[in-house]
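Chemist: Have a look at this one.
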Amino acid sequence: MIHFERMDQIGLIRLDRPERMNCLDYPTLVELQQLVDTVRQDATIRVVIFTGTGKAFSAGADLKERTTLTEHEVRRNVEAIRDVFTNIADLPQPTIAAVNGHALGGGFEWMLACDFRIIVEGALVGLTETSFGIIPGAGGTQRLPRLIGETRAKELIFTAKKIDAATAERYGIVSRVVPTVDELMPVCLAFAGEMLRNGPVAIRQAKQAIDQGLDHPLSEGLKIETAAYEVVIPTEDRMEALRAFAEKRTPQFQGK
């Protein structure tokens with residue numbers, strides 16, 4: 001259901017249920033959680049890319065499965081999808097959602113949990129849950145307003161509307177639209193490569209400082225930044241960067 005591919009220092013996680021529009025049933029969520037846990041522990045993986053197979057990134061919860069579940073099992077599934085997306089958001093590595101097609105409901109929430117979102121033209125995105133008599137339950141009511149503001153987020157959630165890639169870019173939901181699926185992964189890999197040129201410890205600490213600081217007043221955020229900076233001071237990477245600068249060469253970071 002889910003494939004993992006390693007490309008040097010990049011980990012690619014691909015959801016492969018094209019016959020179900022990459023919907024997220026419970027076994028898929030368990031498998032995704034296991035992969036995310038594995039990636040978290042591997043410091044040699046410095047960027048993680050998530051994508052789907054076929055015409056959809058993910059159409060969200062598997063409604064065919066949902067019709068067979070008890071209320072207890074529905075709560076289990078909602079907790080599982082919320083937890084796995086929270087764990088994706090909390091990964092120490094930068095994450096990229098390579099949105100190869102429609103991202104609806106939980107699929108939209110999945111891409112919101114990533115640091116960056118790059119989408120193919122023709123894809124539609126939206127939090128469609130209220131049209132099914134439920135609400136976004138995997139972080140959508142919290143991450144979307146933080147990303148684009150309260151009013152616009154309420155508009156998208158209350159109307160359950162689907163927006164195209166260009167509108168998603170204009171709203172600030174995605175950072176880039178690419179013309180075709182064939183161009184999507186090369187663009188994402190090139191972007192990942194830009195980050196790989198920099199110090200891996202520094203990238204992780206910068207991500208931690210940003211993510212944690214956003215939940216605090218500026219004065220507290222500056223303390224979080226200071227603590228993150230303390231981690232990079234004793235690293236060999238910092239000294240290597242200084243040597244490389246003096247010797248007018250590209251630094252060779254080791255993540256130490």
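Just remember, in the structure tokens the first chain shown is A, the second B, etc., residues are 1-based per chain, and ligands are 1-based in the order shown.
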May I have the residues within 10 Å of Val47 of chain A as an MDAnalysis selection string, using only C-alpha atoms and disregarding those fewer than 4 positions away in the same chain?
Modeler: chainID A and resid 9:12 39 43 91:96 189 191:193 195:196 200 203
Chemist: Keeping N, CA and C atoms for every residue in the selection just given, could you write it to a file as a PDB file, in the first residue's frame?
Modeler:
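Result saved to result.pdb:
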ATOM      1  N   GLN A   9      20.195  11.010   0.358  1.00  0.00           N
ATOM      2  CA  GLN A   9      19.781  11.538   1.660  1.00  0.00           C
ATOM      3  C   GLN A   9      18.317  11.978   1.682  1.00  0.00           C
ATOM      4  N   ILE A  10      17.560  11.571   0.686  1.00  0.00           N
ATOM      5  CA  ILE A  10      16.140  11.901   0.592  1.00  0.00           C
ATOM      6  C   ILE A  10      15.321  10.622   0.754  1.00  0.00           C
ATOM      7  N   GLY A  11      14.303  10.682   1.609  1.00  0.00           N
ATOM      8  CA  GLY A  11      13.378   9.566   1.741  1.00  0.00           C
ATOM      9  C   GLY A  11      12.071   9.890   1.039  1.00  0.00           C
ATOM     10  N   LEU A  12      11.621   9.005   0.156  1.00  0.00           N
ATOM     11  CA  LEU A  12      10.367   9.203  -0.584  1.00  0.00           C
ATOM     12  C   LEU A  12       9.342   8.194  -0.108  1.00  0.00           C
ATOM     13  N   VAL A  39      11.631   6.726   9.657  1.00  0.00           N
ATOM     14  CA  VAL A  39      12.324   7.873   9.076  1.00  0.00           C
ATOM     15  C   VAL A  39      12.809   8.823  10.166  1.00  0.00           C
ATOM     16  N   ALA A  43      18.960   9.568  11.012  1.00  0.00           N
ATOM     17  CA  ALA A  43      19.551  10.898  10.834  1.00  0.00           C
ATOM     18  C   ALA A  43      20.198  11.064   9.470  1.00  0.00           C
ATOM     19  N   LEU A  91       8.223  15.741  12.479  1.00  0.00           N
ATOM     20  CA  LEU A  91       9.485  15.166  12.008  1.00  0.00           C
ATOM     21  C   LEU A  91      10.601  16.211  12.080  1.00  0.00           C
ATOM     22  N   PRO A  92      11.790  15.825  12.505  1.00  0.00           N
ATOM     23  CA  PRO A  92      12.892  16.790  12.556  1.00  0.00           C
ATOM     24  C   PRO A  92      13.394  17.199  11.173  1.00  0.00           C
ATOM     25  N   GLN A  93      13.166  16.339  10.174  1.00  0.00           N
ATOM     26  CA  GLN A  93      13.589  16.654   8.811  1.00  0.00           C
ATOM     27  C   GLN A  93      12.563  17.560   8.114  1.00  0.00           C
ATOM     28  N   PRO A  94      13.021  18.425   7.204  1.00  0.00           N
ATOM     29  CA  PRO A  94      12.066  19.141   6.355  1.00  0.00           C
ATOM     30  C   PRO A  94      11.248  18.149   5.542  1.00  0.00           C
ATOM     31  N   THR A  95       9.964  18.463   5.356  1.00  0.00           N
ATOM     32  CA  THR A  95       9.065  17.579   4.614  1.00  0.00           C
ATOM     33  C   THR A  95       8.421  18.326   3.455  1.00  0.00           C
ATOM     34  N   ILE A  96       8.258  17.625   2.345  1.00  0.00           N
ATOM     35  CA  ILE A  96       7.655  18.188   1.142  1.00  0.00           C
ATOM     36  C   ILE A  96       6.488  17.304   0.728  1.00  0.00           C
ATOM     37  N   LEU A 189      12.652  17.276  -6.026  1.00  0.00           N
ATOM     38  CA  LEU A 189      14.011  16.811  -5.751  1.00  0.00           C
ATOM     39  C   LEU A 189      15.015  17.949  -5.835  1.00  0.00           C
ATOM     40  N   PHE A 191      14.364  21.086  -5.194  1.00  0.00           N
ATOM     41  CA  PHE A 191      14.158  21.886  -3.992  1.00  0.00           C
ATOM     42  C   PHE A 191      14.809  21.216  -2.788  1.00  0.00           C
ATOM     43  N   ALA A 192      14.630  19.894  -2.676  1.00  0.00           N
ATOM     44  CA  ALA A 192      15.285  19.159  -1.597  1.00  0.00           C
ATOM     45  C   ALA A 192      16.797  19.319  -1.686  1.00  0.00           C
ATOM     46  N   GLY A 193      17.322  19.301  -2.905  1.00  0.00           N
ATOM     47  CA  GLY A 193      18.754  19.455  -3.095  1.00  0.00           C
ATOM     48  C   GLY A 193      19.276  20.790  -2.595  1.00  0.00           C
ATOM     49  N   MET A 195      18.214  22.345  -0.013  1.00  0.00           N
ATOM     50  CA  MET A 195      18.339  22.220   1.441  1.00  0.00           C
ATOM     51  C   MET A 195      19.503  21.310   1.822  1.00  0.00           C
ATOM     52  N   LEU A 196      19.757  20.291   1.011  1.00  0.00           N
ATOM     53  CA  LEU A 196      20.822  19.339   1.316  1.00  0.00           C
ATOM     54  C   LEU A 196      22.200  19.969   1.256  1.00  0.00           C
ATOM     55  N   PRO A 200      22.979  19.934   8.079  1.00  0.00           N
ATOM     56  CA  PRO A 200      21.799  19.174   8.525  1.00  0.00           C
ATOM     57  C   PRO A 200      21.409  19.449   9.968  1.00  0.00           C
ATOM     58  N   ILE A 203      19.672  22.837   9.924  1.00  0.00           N
ATOM     59  CA  ILE A 203      18.319  22.763   9.359  1.00  0.00           C
ATOM     60  C   ILE A 203      17.342  22.231  10.404  1.00  0.00           C
TER      61      ILE A 203
END
Chemist: When DSSP is applied to the backbone of this structure, which of segment 131-216 of chain A are assigned strand (DSSP E)? Write them out as JSON, numbers by chain.
Modeler: {"A": [163, 164, 176, 177, 178]}
Chemist: Measuring atom to atom with only C-alpha atoms, identify which of A:Thr53, A:Thr130, A:Thr151, A:Gln205 is nearest to Arg17 of chain A.
Modeler: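 Of A:Thr53, A:Thr130, A:Thr151, A:Gln205, the one nearest Arg17 of chain A is A:Thr53, counting only C-alpha atoms.
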Chemist: Using only C-alpha atoms, find the one residue out of A:Arg46, A:Lys161, A:Lys55, A:Arg76 that sits nearest to Leu15 of chain A.
Modeler: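 So, comparing all the options, the nearest one is A:Lys55.
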Chemist: Nearest to Gly137 of chain A: which of A:Arg176, A:Ala89, A:Ile118, A:Asn77 is it, counting only C-alpha atoms?
Modeler: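 Closest residue, counting only C-alpha atoms: A:Asn77.
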Chemist: What are the DSSP alpha helix (DSSP H) residues of segment 1-250 of chain A, as a VMD selection string?
Modeler: chain A and resid 26 to 41 63 to 66 71 to 89 106 to 112 140 to 148 150 to 159 165 to 171 181 to 196 200 to 213 218 to 232 236 to 247
Chemist: Atom CA of Ala61 of chain A and atom CA of Leu24 of chain A, how far apart in Å?
Modeler: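 Calculated distance between atom CA of Leu24 of chain A and atom CA of Ala61 of chain A is 4.9 Å.
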Chemist: Name all residues at most 10 Å from segment 219-221 of chain A (count only C-alpha atoms; drop same-chain ones fewer than 6 positions away) and give them as a ChimeraX atom specification.
Modeler: /A:209-213,227
Chemist: Can you spit out the residues from that selection as a CSV table (one decimal), in the first residue's frame, using C-alpha atoms?
Modeler:
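Saved as again.csv:
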chain,number,residue,atom,x,y,z
A,209,ALA,CA,12.9,26.9,16.6
A,210,ILE,CA,10.3,28.0,14.0
A,211,ASP,CA,7.7,25.3,14.9
A,212,GLN,CA,8.0,25.7,18.6
A,213,GLY,CA,8.3,29.5,18.5
A,227,ALA,CA,18.5,27.2,22.9
Chemist: Give me, as number ranges by chain, all polymer residues having an atom no more than 6 Å from Val125 of chain A, counting only C-alpha atoms and skipping those fewer than 2 positions away in the same chain.
Modeler: A: 102-104, 162-163
Chemist: Export C-alpha atoms of the chosen residues as a tab-separated table (two decimals), in the first residue's frame?
Modeler:
chain	number	residue	atom	x	y	z
A	102	HIS	CA	-6.50	15.84	-5.88
A	103	ALA	CA	-6.00	16.32	-2.11
A	104	LEU	CA	-9.36	16.29	-0.36
A	162	LYS	CA	-12.66	22.55	-3.70
A	163	ILE	CA	-10.13	25.03	-5.10
Chemist: How many Å lie between atom CA of Asn87 of chain A and atom CA of Ile13 of chain A, rounded to one decimal?
Modeler: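 Those two atoms sit 14.2 Å apart.
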Chemist: One number please: atom CA of Phe116 of chain A to atom CA of Leu29 of chain A, in Å, one decimal.
Modeler: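 Spanning atom CA of Phe116 of chain A to atom CA of Leu29 of chain A is a straight-line distance of 21.1 Å.
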Chemist: Which polymer residues have any atom within 9 Å of an atom of Asp237 of chain A, counting only C-alpha atoms, with same-chain residues fewer than 4 positions away left out, as a PyMOL selection string?
Modeler: chain A and resi 199-202+232+241-242+251-256
Chemist: Grab the residues selected above and save them as a CSV table (one decimal), in the first residue's frame with N, CA, C and O atoms.
Modeler:
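result.csv was written with the following content:
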chain,number,residue,atom,x,y,z
A,199,GLY,N,23.8,22.8,6.3
A,199,GLY,CA,24.1,22.0,7.5
A,199,GLY,C,22.9,21.3,8.0
A,199,GLY,O,21.9,21.9,8.4
A,200,PRO,N,23.0,19.9,8.1
A,200,PRO,CA,21.8,19.2,8.5
A,200,PRO,C,21.4,19.4,10.0
A,200,PRO,O,20.2,19.5,10.3
A,201,VAL,N,22.4,19.6,10.9
A,201,VAL,CA,22.0,19.9,12.3
A,201,VAL,C,21.4,21.3,12.3
A,201,VAL,O,20.4,21.5,13.0
A,202,ALA,N,21.9,22.3,11.5
A,202,ALA,CA,21.4,23.6,11.5
A,202,ALA,C,19.9,23.6,11.0
A,202,ALA,O,19.1,24.3,11.5
A,232,VAL,N,24.0,24.1,17.9
A,232,VAL,CA,24.9,24.1,16.7
A,232,VAL,C,26.3,24.6,17.0
A,232,VAL,O,27.2,24.4,16.2
A,241,ALA,N,32.3,24.8,8.1
A,241,ALA,CA,31.8,25.9,7.4
A,241,ALA,C,32.8,27.1,7.4
A,241,ALA,O,33.0,27.8,6.4
A,242,LEU,N,33.3,27.3,8.6
A,242,LEU,CA,34.3,28.4,8.7
A,242,LEU,C,35.6,28.1,8.0
A,242,LEU,O,36.2,29.0,7.3
A,251,PRO,N,31.6,23.8,1.7
A,251,PRO,CA,31.7,23.0,2.9
A,251,PRO,C,31.2,21.6,2.7
A,251,PRO,O,30.2,21.4,2.0
A,252,GLN,N,31.8,20.6,3.4
A,252,GLN,CA,31.4,19.2,3.3
A,252,GLN,C,30.8,18.9,4.7
A,252,GLN,O,31.5,18.5,5.6
A,253,PHE,N,29.5,19.1,4.8
A,253,PHE,CA,28.8,18.8,6.1
A,253,PHE,C,28.6,17.3,6.4
A,253,PHE,O,28.3,16.6,5.5
A,254,GLN,N,28.8,17.0,7.6
A,254,GLN,CA,28.6,15.6,8.0
A,254,GLN,C,27.5,15.4,9.0
A,254,GLN,O,27.2,14.2,9.4
A,255,GLY,N,26.8,16.4,9.4
A,255,GLY,CA,25.7,16.3,10.4
A,255,GLY,C,26.2,16.0,11.8
A,255,GLY,O,25.5,15.4,12.6
A,256,LYS,N,27.4,16.5,12.1
A,256,LYS,CA,28.0,16.3,13.4
A,256,LYS,C,28.4,17.6,14.0
A,256,LYS,O,28.8,18.5,13.3
Chemist: Smallest atom-to-atom distance to Leu144 of chain A: which of A:Phe4, A:Tyr26, A:Phe108, A:Phe50, using only C-alpha atoms?
Modeler: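 Selected residue with least distance to Leu144 of chain A: A:Phe108.
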Chemist: Give the answer as one residue: which of A:Gly133, A:Gly54, A:Met7, A:Arg238 has the shortest atom-to-atom distance to Glu19 of chain A, using only C-alpha atoms?
Modeler: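 Of A:Gly133, A:Gly54, A:Met7, A:Arg238, the one nearest Glu19 of chain A is A:Gly54, counting only C-alpha atoms.
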Chemist: Name the closest residue to Asp16 of chain A among the candidates A:Ala56, A:Gln41, A:Ile49, A:Lys207; distances are taken between atoms, counting only C-alpha atoms.
Modeler: A:Ala56
Chemist: Excluding Leu127 of chain A and any residue of its chain fewer than 3 positions from it, enumerate the residues within 6 Å of it, using only C-alpha atoms, and give them as a list in words.
Modeler: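 Residues meeting the cut-off are Leu104, Gly105, Ile157 and Ala160 of chain A.
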